[in-house]
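Asker: This is the content of structure.cif (mmCIF, C-alpha atoms and all ligand atoms):
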```cif
data_run
loop_
_atom_site.label_atom_id
_atom_site.label_comp_id
_atom_site.auth_asym_id
_atom_site.auth_seq_id
_atom_site.Cartn_x
_atom_site.Cartn_y
_atom_site.Cartn_z
CA MET R 1 0.00 0.00 0.00
CA ALA R 2 1.41 3.34 -1.02
CA SER R 3 2.06 5.64 1.87
CA ALA R 4 3.02 8.70 -0.12
CA PRO R 5 2.08 10.24 -3.43
CA SER R 6 3.76 8.43 -6.26
CA SER R 7 7.03 9.91 -7.37
CA SER R 8 5.61 10.72 -10.76
CA ASP R 9 3.48 13.39 -9.15
CA ARG R 10 6.55 15.15 -7.83
CA MET R 11 4.74 16.37 -4.74
CA HIS R 12 7.23 18.42 -2.81
CA SER R 13 6.21 16.76 0.43
CA PRO R 14 5.62 15.01 2.77
CA GLY R 15 9.11 15.33 4.09
CA VAL R 16 9.48 18.98 3.26
CA PRO R 17 8.64 21.03 6.33
CA PRO R 18 6.03 23.70 5.81
CA SER R 19 7.86 26.94 5.27
CA ALA R 20 5.14 29.23 6.58
CA THR R 21 6.93 29.98 9.81
CA THR R 22 10.36 30.66 8.41
CA SER R 23 11.15 34.14 7.31
CA ALA R 24 14.70 33.71 6.17
CA PRO R 25 16.49 36.99 5.61
CA VAL R 26 16.97 37.78 1.96
CA ALA R 27 20.38 38.88 0.79
CA PRO R 28 19.94 42.29 -0.86
CA GLU R 29 21.72 41.17 -4.02
CA GLU R 30 19.03 38.57 -4.54
CA VAL R 31 16.31 41.16 -4.87
CA ASN R 32 15.57 42.27 -8.41
CA HIS R 33 13.21 45.18 -8.02
CA LEU R 34 10.86 45.96 -10.87
CA PRO R 35 12.03 48.57 -13.35
CA ASP R 36 10.56 51.95 -12.38
CA SER R 37 8.95 52.13 -15.81
CA ALA R 38 6.98 48.89 -15.32
CA ARG R 39 3.28 49.66 -15.77
CA GLU R 40 1.69 46.57 -17.24
CA LEU R 41 2.47 43.24 -15.62
CA VAL R 42 1.09 40.34 -17.60
CA LYS R 43 1.13 36.64 -16.97
CA ILE R 44 1.25 33.52 -19.10
CA LEU R 45 0.92 30.07 -17.59
CA VAL R 46 3.44 27.48 -18.74
CA THR R 47 1.75 24.22 -17.99
CA GLY R 48 1.88 20.54 -18.72
CA PRO R 49 2.45 17.22 -17.01
CA PHE R 50 5.33 16.25 -14.76
CA GLY R 51 8.79 16.54 -16.30
CA VAL R 52 7.64 17.99 -19.60
CA GLY R 53 9.99 20.98 -19.54
CA LYS R 54 8.06 23.78 -17.81
CA THR R 55 10.94 24.92 -15.61
CA THR R 56 13.39 24.59 -18.47
CA LEU R 57 11.30 26.86 -20.69
CA ILE R 58 10.90 29.47 -17.96
CA ASP R 59 14.65 29.42 -17.24
CA SER R 60 15.45 29.92 -20.90
CA VAL R 61 13.34 33.09 -21.11
CA SER R 62 13.51 34.67 -17.64
CA GLU R 63 15.81 37.61 -16.98
CA ILE R 64 15.75 37.03 -13.22
CA ARG R 65 16.90 33.91 -11.48
CA PRO R 66 13.67 31.93 -11.47
CA LEU R 67 11.90 31.90 -8.10
CA HIS R 68 9.26 29.66 -6.67
CA THR R 69 6.50 29.74 -4.10
CA GLU R 70 5.32 26.76 -2.10
CA GLU R 71 1.59 26.41 -2.47
CA HIS R 72 -0.62 24.36 -0.21
CA LEU R 73 -3.04 21.97 -1.81
CA THR R 74 -5.96 22.23 0.54
CA GLU R 75 -9.30 20.85 -0.59
CA VAL R 76 -7.84 18.52 -3.11
CA SER R 77 -5.27 17.11 -0.74
CA ALA R 78 -8.01 15.58 1.33
CA ARG R 79 -9.25 13.59 -1.62
CA VAL R 80 -5.83 12.58 -2.83
CA ASP R 81 -4.68 11.77 0.66
CA ASP R 82 -7.62 9.46 1.16
CA LEU R 83 -6.60 7.58 -1.93
CA ALA R 84 -2.92 7.50 -1.16
CA GLY R 85 -3.26 6.88 2.55
CA VAL R 86 -1.23 9.93 3.42
CA ARG R 87 -2.08 11.17 6.89
CA ASP R 88 -0.52 14.58 7.18
CA LYS R 89 -2.61 16.73 4.91
CA SER R 90 -1.15 20.02 6.07
CA THR R 91 2.25 19.34 4.53
CA THR R 92 1.01 18.71 1.01
CA THR R 93 2.50 21.50 -1.04
CA VAL R 94 3.56 22.02 -4.60
CA ALA R 95 6.15 24.40 -5.98
CA ILE R 96 5.04 27.00 -8.50
CA ASP R 97 8.10 28.35 -10.21
CA PHE R 98 8.05 31.58 -12.12
CA GLY R 99 10.27 33.85 -14.15
CA ARG R 100 10.09 37.45 -15.28
CA VAL R 101 11.17 39.25 -18.42
CA SER R 102 10.84 42.92 -19.37
CA LEU R 103 9.30 43.51 -22.77
CA GLY R 104 9.99 47.07 -23.81
CA ASP R 105 9.64 50.02 -21.46
CA SER R 106 6.47 49.34 -19.57
CA VAL R 107 5.46 45.71 -20.08
CA VAL R 108 6.76 42.96 -17.80
CA LEU R 109 5.88 39.35 -18.59
CA TYR R 110 5.69 36.71 -15.87
CA LEU R 111 5.78 33.03 -16.74
CA PHE R 112 4.18 30.78 -14.15
CA GLY R 113 5.13 27.10 -14.22
CA THR R 114 1.85 25.50 -13.29
CA PRO R 115 1.43 21.77 -12.76
CA GLY R 116 -1.33 20.40 -14.90
CA GLN R 117 -2.65 17.41 -13.01
CA GLU R 118 -6.30 17.22 -12.10
CA ARG R 119 -5.44 17.37 -8.40
CA PHE R 120 -4.18 20.94 -8.74
CA ARG R 121 -7.64 22.19 -9.67
CA PRO R 122 -8.25 24.16 -6.42
CA LEU R 123 -5.04 26.09 -6.96
CA TRP R 124 -5.59 26.49 -10.65
CA ASP R 125 -8.13 29.31 -10.67
CA ASP R 126 -6.13 31.41 -8.24
CA ILE R 127 -3.01 31.07 -10.34
CA ALA R 128 -4.82 31.50 -13.65
CA TYR R 129 -6.61 34.64 -12.47
CA GLY R 130 -5.76 37.46 -14.84
CA ALA R 131 -3.51 35.39 -17.11
CA LEU R 132 -3.40 36.26 -20.80
CA GLY R 133 -3.34 32.60 -21.74
CA ALA R 134 -1.52 29.31 -21.33
CA LEU R 135 1.26 27.55 -23.16
CA VAL R 136 0.60 23.82 -22.80
CA LEU R 137 3.72 21.67 -23.15
CA VAL R 138 3.20 18.17 -24.49
CA ASP R 139 5.67 15.30 -24.49
CA THR R 140 4.82 13.16 -27.51
CA ARG R 141 6.19 10.07 -25.75
CA ARG R 142 3.22 10.21 -23.38
CA ILE R 143 0.47 12.23 -24.96
CA ASP R 144 -2.23 11.01 -22.61
CA ALA R 145 -0.38 12.62 -19.68
CA SER R 146 -1.51 15.94 -21.16
CA PHE R 147 -5.25 15.23 -21.19
CA ASP R 148 -5.76 16.43 -17.60
CA VAL R 149 -4.07 19.74 -18.20
CA LEU R 150 -5.98 20.40 -21.41
CA GLY R 151 -9.18 19.82 -19.45
CA LEU R 152 -8.10 22.24 -16.72
CA VAL R 153 -7.13 24.92 -19.22
CA GLU R 154 -10.33 24.62 -21.23
CA GLU R 155 -12.55 24.69 -18.17
CA SER R 156 -10.83 27.80 -16.89
CA GLY R 157 -11.55 29.45 -20.23
CA LEU R 158 -7.93 30.44 -20.82
CA PRO R 159 -6.93 30.65 -24.46
CA TYR R 160 -3.94 28.43 -25.14
CA ALA R 161 -1.36 27.15 -27.59
CA VAL R 162 0.25 23.71 -27.56
CA ALA R 163 4.02 23.26 -27.80
CA LEU R 164 5.36 19.78 -28.46
CA ASN R 165 8.66 19.36 -26.71
CA THR R 166 11.10 17.51 -28.89
CA PHE R 167 12.60 14.67 -26.91
CA PRO R 168 15.04 12.57 -28.93
CA ASP R 169 13.33 9.19 -28.61
CA ALA R 170 9.84 10.45 -29.39
CA LYS R 171 7.71 8.77 -32.04
CA GLN R 172 6.79 10.86 -35.03
CA TYR R 173 3.15 11.73 -35.53
CA THR R 174 1.49 13.81 -38.18
CA GLU R 175 -0.06 17.09 -37.14
CA GLU R 176 -3.45 15.64 -38.01
CA GLN R 177 -2.91 12.66 -35.67
CA LEU R 178 -1.81 14.93 -32.85
CA ARG R 179 -4.69 17.35 -33.27
CA ARG R 180 -7.17 14.50 -33.23
CA SER R 181 -5.61 12.83 -30.22
CA LEU R 182 -5.41 16.06 -28.23
CA ASP R 183 -8.88 17.11 -29.45
CA LEU R 184 -7.69 20.57 -30.49
CA GLU R 185 -9.80 23.22 -32.16
CA PRO R 186 -8.63 23.95 -35.71
CA ASP R 187 -7.37 27.41 -34.75
CA THR R 188 -5.41 26.30 -31.67
CA PRO R 189 -1.72 26.81 -32.44
CA LEU R 190 0.36 23.62 -32.41
CA VAL R 191 4.11 24.15 -32.58
CA THR R 192 7.25 22.19 -31.79
CA CYS R 193 9.67 23.51 -29.24
CA ASP R 194 12.99 22.84 -27.58
CA ALA R 195 12.48 24.33 -24.14
CA ARG R 196 16.26 24.50 -23.58
CA ASP R 197 16.63 26.96 -26.44
CA THR R 198 15.68 30.59 -25.81
CA ASN R 199 14.65 31.35 -29.37
CA SER R 200 12.53 28.23 -29.58
CA SER R 201 10.84 28.97 -26.27
CA VAL R 202 10.19 32.56 -27.33
CA ASP R 203 8.72 31.34 -30.62
CA SER R 204 6.29 29.12 -28.72
CA LEU R 205 5.20 32.06 -26.59
CA LEU R 206 4.85 34.16 -29.73
CA SER R 207 2.54 31.60 -31.31
CA LEU R 208 0.32 31.91 -28.24
CA VAL R 209 0.37 35.72 -28.19
CA GLN R 210 -0.35 35.89 -31.93
CA HIS R 211 -3.30 33.57 -31.32
CA LEU R 212 -4.54 35.92 -28.59
CA ILE R 213 -4.32 38.84 -31.01
CA ASP R 214 -6.05 36.92 -33.82
CA ARG R 215 -8.94 35.80 -31.67
CA MET R 216 -9.71 39.38 -30.67
CA ALA R 217 -10.30 40.32 -34.30
CA PRO R 218 -13.80 38.82 -34.78
CA GLU R 219 -15.11 40.75 -31.79
CA ALA R 220 -14.05 43.97 -33.46
CA GLN R 221 -16.20 43.30 -36.55
CA MET S 222 -2.03 6.58 -29.64
CA THR S 223 -5.13 7.03 -27.53
CA GLY S 224 -7.43 9.96 -28.06
CA ARG S 225 -8.64 12.39 -25.52
CA ARG S 226 -12.25 12.28 -24.44
CA SER S 227 -14.13 14.68 -26.64
CA GLY S 228 -16.75 17.13 -25.58
CA ARG S 229 -15.75 20.62 -24.76
CA PRO S 230 -16.94 22.52 -21.72
CA LEU S 231 -18.62 25.85 -22.12
CA VAL S 232 -16.27 28.74 -21.63
CA PRO S 233 -17.49 30.94 -18.80
CA ALA S 234 -18.34 34.30 -20.33
CA TYR S 235 -16.40 36.24 -17.74
CA LEU S 236 -13.26 34.39 -18.77
CA SER S 237 -13.70 34.63 -22.49
CA THR S 238 -11.06 37.32 -22.79
CA GLY S 239 -8.58 35.20 -20.91
CA GLY S 240 -9.57 36.50 -17.53
CA VAL S 241 -7.84 39.83 -17.88
CA ALA S 242 -11.02 41.87 -18.09
CA ARG S 243 -12.50 40.69 -14.84
CA PRO S 244 -13.03 43.42 -12.30
CA SER S 245 -10.30 43.58 -9.75
CA ARG S 246 -10.92 41.94 -6.43
CA ASN S 247 -10.50 43.74 -3.19
CA SER S 248 -7.72 41.38 -2.23
CA LEU S 249 -4.24 41.63 -3.61
CA GLU S 250 -3.45 39.65 -6.72
CA ARG S 251 -0.30 37.64 -7.20
CA LEU S 252 1.02 40.30 -9.57
CA SER S 253 -0.17 43.34 -7.64
CA VAL S 254 2.78 45.69 -7.28
CA LEU S 255 3.92 46.61 -3.77
CA THR S 256 5.97 49.76 -3.25
CA GLY S 257 7.53 50.93 -0.02
CA ALA S 258 6.65 54.47 1.04
CA GLY S 259 10.26 55.12 2.08
CA GLY S 260 11.44 56.42 5.38
CA PRO S 261 12.49 54.46 8.43
CA PRO S 262 10.28 51.60 9.60
CA PRO S 263 8.36 52.44 12.76
CA ALA S 264 9.62 50.94 16.02
CA GLY S 265 7.81 47.84 17.13
CA LEU S 266 6.78 46.67 13.67
CA PRO S 267 6.23 42.89 13.79
CA SER S 268 9.24 41.14 12.32
CA ALA S 269 7.40 39.56 9.40
CA GLN S 270 6.00 42.96 8.39
CA ALA S 271 9.46 44.45 8.80
CA ALA S 272 10.92 41.75 6.55
CA LEU S 273 8.44 42.56 3.78
CA LEU S 274 9.00 46.29 4.21
CA GLY S 275 12.75 45.71 4.00
CA LEU S 276 12.31 43.88 0.73
CA LEU S 277 10.50 46.89 -0.69
CA ASP S 278 13.19 49.31 0.41
CA GLY S 279 14.23 51.23 -2.66
CA GLY S 280 12.00 49.48 -5.15
CA SER S 281 8.84 47.61 -6.05
CA LEU S 282 8.02 43.93 -6.19
CA THR S 283 4.97 41.85 -6.88
CA VAL S 284 3.18 39.90 -4.16
CA MET S 285 4.39 36.70 -5.83
CA GLU S 286 8.05 37.72 -5.81
CA SER S 287 7.80 38.94 -2.22
CA ALA S 288 6.39 35.56 -1.19
CA ALA S 289 9.15 33.67 -2.99
CA LEU S 290 11.93 35.82 -1.53
CA LEU S 291 10.53 35.68 2.01
CA ARG S 292 9.75 31.97 1.62
CA LEU S 293 6.22 32.60 2.78
CA PRO S 294 2.93 31.46 1.29
CA VAL S 295 1.26 33.99 -0.99
CA SER S 296 -1.69 34.09 1.42
CA ALA S 297 0.61 35.20 4.25
CA VAL S 298 2.15 37.95 2.14
CA ARG S 299 -1.32 39.19 1.24
CA VAL S 300 -2.04 39.61 4.95
CA LEU S 301 1.32 41.26 5.72
CA ALA S 302 0.99 43.63 2.78
CA ALA S 303 -2.54 44.59 3.78
CA ALA S 304 -1.32 45.47 7.27
CA LEU S 305 1.49 47.61 5.86
CA ILE S 306 -0.91 49.31 3.46
CA ASP S 307 -3.26 50.12 6.37
CA GLN S 308 -0.36 51.78 8.16
CA GLY S 309 0.56 53.82 5.10
CA LEU S 310 3.95 52.13 4.85
CA VAL S 311 3.32 50.41 1.52
CA SER S 312 1.20 51.22 -1.49
CA ALA S 313 -0.21 48.70 -3.93
CA ARG S 314 -1.42 48.91 -7.48
CA PRO S 315 -3.04 46.32 -9.73
CA PRO S 316 -0.86 44.47 -12.29
CA VAL S 317 -2.44 46.32 -15.19
CA PRO S 318 -4.43 49.56 -15.09
CA PRO S 319 -8.04 48.30 -15.18
CA ALA S 320 -9.08 50.60 -18.01
CA ALA S 321 -6.40 49.18 -20.29
CA LEU S 322 -7.97 45.75 -20.67
CA PRO S 323 -8.72 43.80 -22.74
CA ASP S 324 -6.29 45.45 -25.01
CA ARG S 325 -5.11 44.44 -28.43
CA ASP S 326 -2.44 47.09 -28.28
CA LEU S 327 -1.01 45.57 -25.11
CA LEU S 328 -0.90 42.13 -26.74
CA LYS S 329 0.92 43.62 -29.72
CA ARG S 330 3.49 45.16 -27.43
CA VAL S 331 3.94 41.78 -25.73
CA ALA S 332 4.52 40.21 -29.15
CA ASP S 333 6.97 42.95 -30.19
CA GLY S 334 8.83 42.59 -26.91
CA LEU S 335 9.11 38.84 -27.37
CA ARG S 336 10.44 39.24 -30.91
CA ALA S 337 13.09 41.60 -29.56
CA LEU S 338 14.30 38.87 -27.18
CA LYS S 339 15.33 36.60 -30.02
CA LEU S 340 19.02 36.37 -30.58
N1 LIG W 401 15.33 17.06 -25.31
C1 LIG W 401 14.66 17.94 -24.56
N2 LIG W 401 14.77 17.85 -23.23
C2 LIG W 401 14.08 18.75 -22.48
C3 LIG W 401 13.27 19.74 -23.08
N3 LIG W 401 12.69 20.47 -22.10
C4 LIG W 401 13.13 19.94 -20.94
N4 LIG W 401 13.97 18.91 -21.17
C5 LIG W 401 14.60 18.09 -20.13
O1 LIG W 401 13.55 17.38 -19.45
C6 LIG W 401 13.81 17.32 -18.07
C7 LIG W 401 12.64 17.86 -17.27
O2 LIG W 401 12.50 19.25 -17.52
P1 LIG W 401 11.87 20.26 -16.46
O3 LIG W 401 11.98 21.62 -17.05
O4 LIG W 401 12.44 20.05 -15.11
O5 LIG W 401 10.37 19.78 -16.46
P2 LIG W 401 9.15 20.33 -15.58
O6 LIG W 401 7.95 20.33 -16.44
O7 LIG W 401 9.53 21.64 -14.94
O8 LIG W 401 9.04 19.21 -14.48
P3 LIG W 401 8.27 19.23 -13.08
O9 LIG W 401 8.34 20.61 -12.52
O10 LIG W 401 8.99 18.25 -12.24
O11 LIG W 401 6.88 18.78 -13.39
C8 LIG W 401 15.11 18.07 -17.83
O12 LIG W 401 16.15 17.14 -17.76
C9 LIG W 401 15.25 18.93 -19.07
O13 LIG W 401 16.60 19.18 -19.38
C10 LIG W 401 13.20 19.81 -24.50
O14 LIG W 401 12.52 20.65 -25.08
N5 LIG W 401 13.92 18.87 -25.18
MG MG W 402 9.46 22.19 -12.91
#
```
Take the structure in the file and give it back as structure tokens.
Ligand SMILES: Nc1nc2c(ncn2[C@@H]2O[C@H](COP(=O)(O)OP(=O)(O)OP(=O)(O)O)[C@@H](O)[C@H]2O)c(=O)[nH]1
Ligand SMILES: [Mg+2]

Answerer:
Amino acid sequence: MASAPSSSDRMHSPGVPPSATTSAPVAPEEVNHLPDSARELVKILVTGPFGVGKTTLIDSVSEIRPLHTEEHLTEVSARVDDLAGVRDKSTTTVAIDFGRVSLGDSVVLYLFGTPGQERFRPLWDDIAYGALGALVLVDTRRIDASFDVLGLVEESGLPYAVALNTFPDAKQYTEEQLRRSLDLEPDTPLVTCDARDTNSSVDSLLSLVQHLIDRMAPEAQ
Amino acid sequence: MTGRRSGRPLVPAYLSTGGVARPSRNSLERLSVLTGAGGPPPAGLPSAQAALLGLLDGGSLTVMESAALLRLPVSAVRVLAAALIDQGLVSARPPVPPAALPDRDLLKRVADGLRALKL
């Protein structure tokens, strides 16, 4: 009988003490204040299943050392804990990592690495609040691992683009096969990406932002 | 290759612009910007409030960044920031001026800024 969440869920506890009571001093050199000209702070979620490359993509674009917050999974932990037999619900947390990049004088883009499993649903709406959209990373070696996250994104109403991370041993599928399997709308962008490469990561984000621009057009008719 | 279950949920109307046009809540958002008012911290400020105020010395940060740097939950930083705001020691503003959204021009500037990042 499992006594802890399976490793594939990469829960950052039990075992990790809750950090709520520690207020470790921050070395001043670690603090990257916002540029004084920052006026519009926008957010894109970078989401997908465990190990798909979310942190890698954020690292490749961020201009600050990526940070993370520890988030408590409250309501959902009770359900998951019942299934997994984990007793200490209060220590169930997940790390949300994020990066920041200035885009011109006044715009600052935040990328939030958001786990895409169904169990993160209670946290999802709080993190998605105000986001421009989501970039959903898919590993073509395990496409069905992305079904949960696509459900979460669609239910939250966030517009999204799909980026296929290119892992070397992945099978080749046609775009048509992938669109059918992922059940994508015809206008949902589907691009390939190497999350380790800045230009490739930026191109994936651009495909999402262009989609956001395009979908505003019909409303202006 | 297995297919995903089909059937698409209805998009809530209030989220159809990606959520950005929703009216701001009273509570602080993750990307609300916190700015220190400057000046020395008052004596007797609780240490957690003092730590947040110290972080905002000489510059602004979002709630999310403050939480990460202080290693505190976002919910705790919301409470600390609210206390500092009540005392006039910190000011807060929303991530984006509410009137500016939804904004095609903003999206275009995001796209232009991304293109400029490419090497
Ligand atoms: N070949 C290849 N490897 C990648 C790519 N993106 C990430 N990786 C590798 O895949 C591994 C997992 O990447 P992460 O960025 O940690 O994945 P993640 O989605 O943040 O994982 P969790 O936060 O644990 O869910 C790392 O070893 C990366 O170097 C990619 O586009 N191509
Ligand atoms: Mg990660």

Asker: When you look at Gln270 of chain S with a cut-off of 9 Å (counting all atoms listed in the file), what residues show up, excluding the ones that are within fewer than 2 positions of it in the same chain? I need them as a list in words.

Answerer: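 Non-adjacent residues within range: Leu266, Pro267, Ser268, Ala272, Leu273, Leu274, Gly275, Val298, Leu301, Ala302, Ala304 and Leu305 of chain S.
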
Asker: Keeping only C-alpha atoms, take the residues you just selected and write them out as a CSV table (one decimal), in the coordinates of the input.

Answerer:
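To be explicit, this is the file written out as selection.csv:
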```
chain,number,residue,atom,x,y,z
S,266,LEU,CA,6.8,46.7,13.7
S,267,PRO,CA,6.2,42.9,13.8
S,268,SER,CA,9.2,41.1,12.3
S,272,ALA,CA,10.9,41.8,6.6
S,273,LEU,CA,8.4,42.6,3.8
S,274,LEU,CA,9.0,46.3,4.2
S,275,GLY,CA,12.8,45.7,4.0
S,298,VAL,CA,2.2,38.0,2.1
S,301,LEU,CA,1.3,41.3,5.7
S,302,ALA,CA,1.0,43.6,2.8
S,304,ALA,CA,-1.3,45.5,7.3
S,305,LEU,CA,1.5,47.6,5.9
```

Asker: Ligand MG 402 (chain W): which residues are within 7 Å, counting all atoms listed in the file? Reply as a PyMOL selection string.

Answerer: chain R and resi 51+53-55+97+113

Asker: Could you pull out the residues sitting within 10 Å of ligand LIG 401 (chain W), using all atoms listed in the file, and write them as number ranges by chain?

Answerer: R: 7-12, 46-60, 94-97, 113-117, 137-139, 163-170, 192-197, 200-201

Asker: Could you please tell me, as a PyMOL selection string, which residues of chain R have an atom within 8 Å of chain S when using all atoms listed in the file?

Answerer: chain R and resi 19-26+28+31+33-34+36+39-42+67-71+102-104+107+109+127-133+143-144+147+154-159+180-183+198-199+202+205-206+209-210+212-213+216

Asker: Between atom CA of Leu208 of chain R and atom CA of Glu185 of chain R, measure the distance and give it in Å to one decimal.

Answerer: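 Interatomic distance here is 13.9 Å.
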
Asker: May I ask you to restore N, CA and C atoms in segment 266-290 of chain S and write the result as a CSV table (one decimal), keeping the file's coordinate frame?

Answerer:
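part-v8.csv was written with the following content:
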```
chain,number,residue,atom,x,y,z
S,266,LEU,N,7.5,47.4,14.8
S,266,LEU,CA,6.8,46.7,13.7
S,266,LEU,C,7.0,45.2,13.8
S,267,PRO,N,6.0,44.4,13.7
S,267,PRO,CA,6.2,42.9,13.8
S,267,PRO,C,7.3,42.5,12.8
S,268,SER,N,8.1,41.5,13.1
S,268,SER,CA,9.2,41.1,12.3
S,268,SER,C,8.9,40.7,10.9
S,269,ALA,N,7.8,40.0,10.8
S,269,ALA,CA,7.4,39.6,9.4
S,269,ALA,C,7.0,40.8,8.5
S,270,GLN,N,6.3,41.7,9.1
S,270,GLN,CA,6.0,43.0,8.4
S,270,GLN,C,7.3,43.7,8.1
S,271,ALA,N,8.2,43.8,9.0
S,271,ALA,CA,9.5,44.4,8.8
S,271,ALA,C,10.3,43.8,7.7
S,272,ALA,N,10.2,42.5,7.6
S,272,ALA,CA,10.9,41.8,6.6
S,272,ALA,C,10.4,42.1,5.2
S,273,LEU,N,9.0,42.2,5.1
S,273,LEU,CA,8.4,42.6,3.8
S,273,LEU,C,8.8,44.0,3.4
S,274,LEU,N,8.7,44.9,4.4
S,274,LEU,CA,9.0,46.3,4.2
S,274,LEU,C,10.5,46.4,3.8
S,275,GLY,N,11.3,45.7,4.4
S,275,GLY,CA,12.8,45.7,4.0
S,275,GLY,C,13.0,45.3,2.6
S,276,LEU,N,12.2,44.4,2.1
S,276,LEU,CA,12.3,43.9,0.7
S,276,LEU,C,11.9,45.0,-0.3
S,277,LEU,N,11.0,45.8,0.2
S,277,LEU,CA,10.5,46.9,-0.7
S,277,LEU,C,11.3,48.2,-0.5
S,278,ASP,N,12.4,48.1,0.2
S,278,ASP,CA,13.2,49.3,0.4
S,278,ASP,C,13.9,49.7,-0.9
S,279,GLY,N,13.5,50.8,-1.5
S,279,GLY,CA,14.2,51.2,-2.7
S,279,GLY,C,13.7,50.6,-3.9
S,280,GLY,N,12.5,50.0,-3.9
S,280,GLY,CA,12.0,49.5,-5.2
S,280,GLY,C,10.7,48.7,-5.0
S,281,SER,N,10.1,48.3,-6.1
S,281,SER,CA,8.8,47.6,-6.0
S,281,SER,C,9.0,46.1,-6.4
S,282,LEU,N,8.1,45.4,-5.9
S,282,LEU,CA,8.0,43.9,-6.2
S,282,LEU,C,6.6,43.5,-6.2
S,283,THR,N,6.3,42.4,-6.9
S,283,THR,CA,5.0,41.8,-6.9
S,283,THR,C,4.8,41.0,-5.6
S,284,VAL,N,3.5,40.8,-5.3
S,284,VAL,CA,3.2,39.9,-4.2
S,284,VAL,C,3.9,38.5,-4.3
S,285,MET,N,3.8,38.0,-5.6
S,285,MET,CA,4.4,36.7,-5.8
S,285,MET,C,5.9,36.7,-5.6
S,286,GLU,N,6.6,37.7,-6.0
S,286,GLU,CA,8.0,37.7,-5.8
S,286,GLU,C,8.4,37.9,-4.3
S,287,SER,N,7.6,38.7,-3.7
S,287,SER,CA,7.8,38.9,-2.2
S,287,SER,C,7.6,37.6,-1.5
S,288,ALA,N,6.6,36.9,-1.9
S,288,ALA,CA,6.4,35.6,-1.2
S,288,ALA,C,7.6,34.6,-1.4
S,289,ALA,N,8.0,34.6,-2.7
S,289,ALA,CA,9.2,33.7,-3.0
S,289,ALA,C,10.4,34.1,-2.2
S,290,LEU,N,10.7,35.4,-2.2
S,290,LEU,CA,11.9,35.8,-1.5
S,290,LEU,C,11.9,35.7,0.0
```
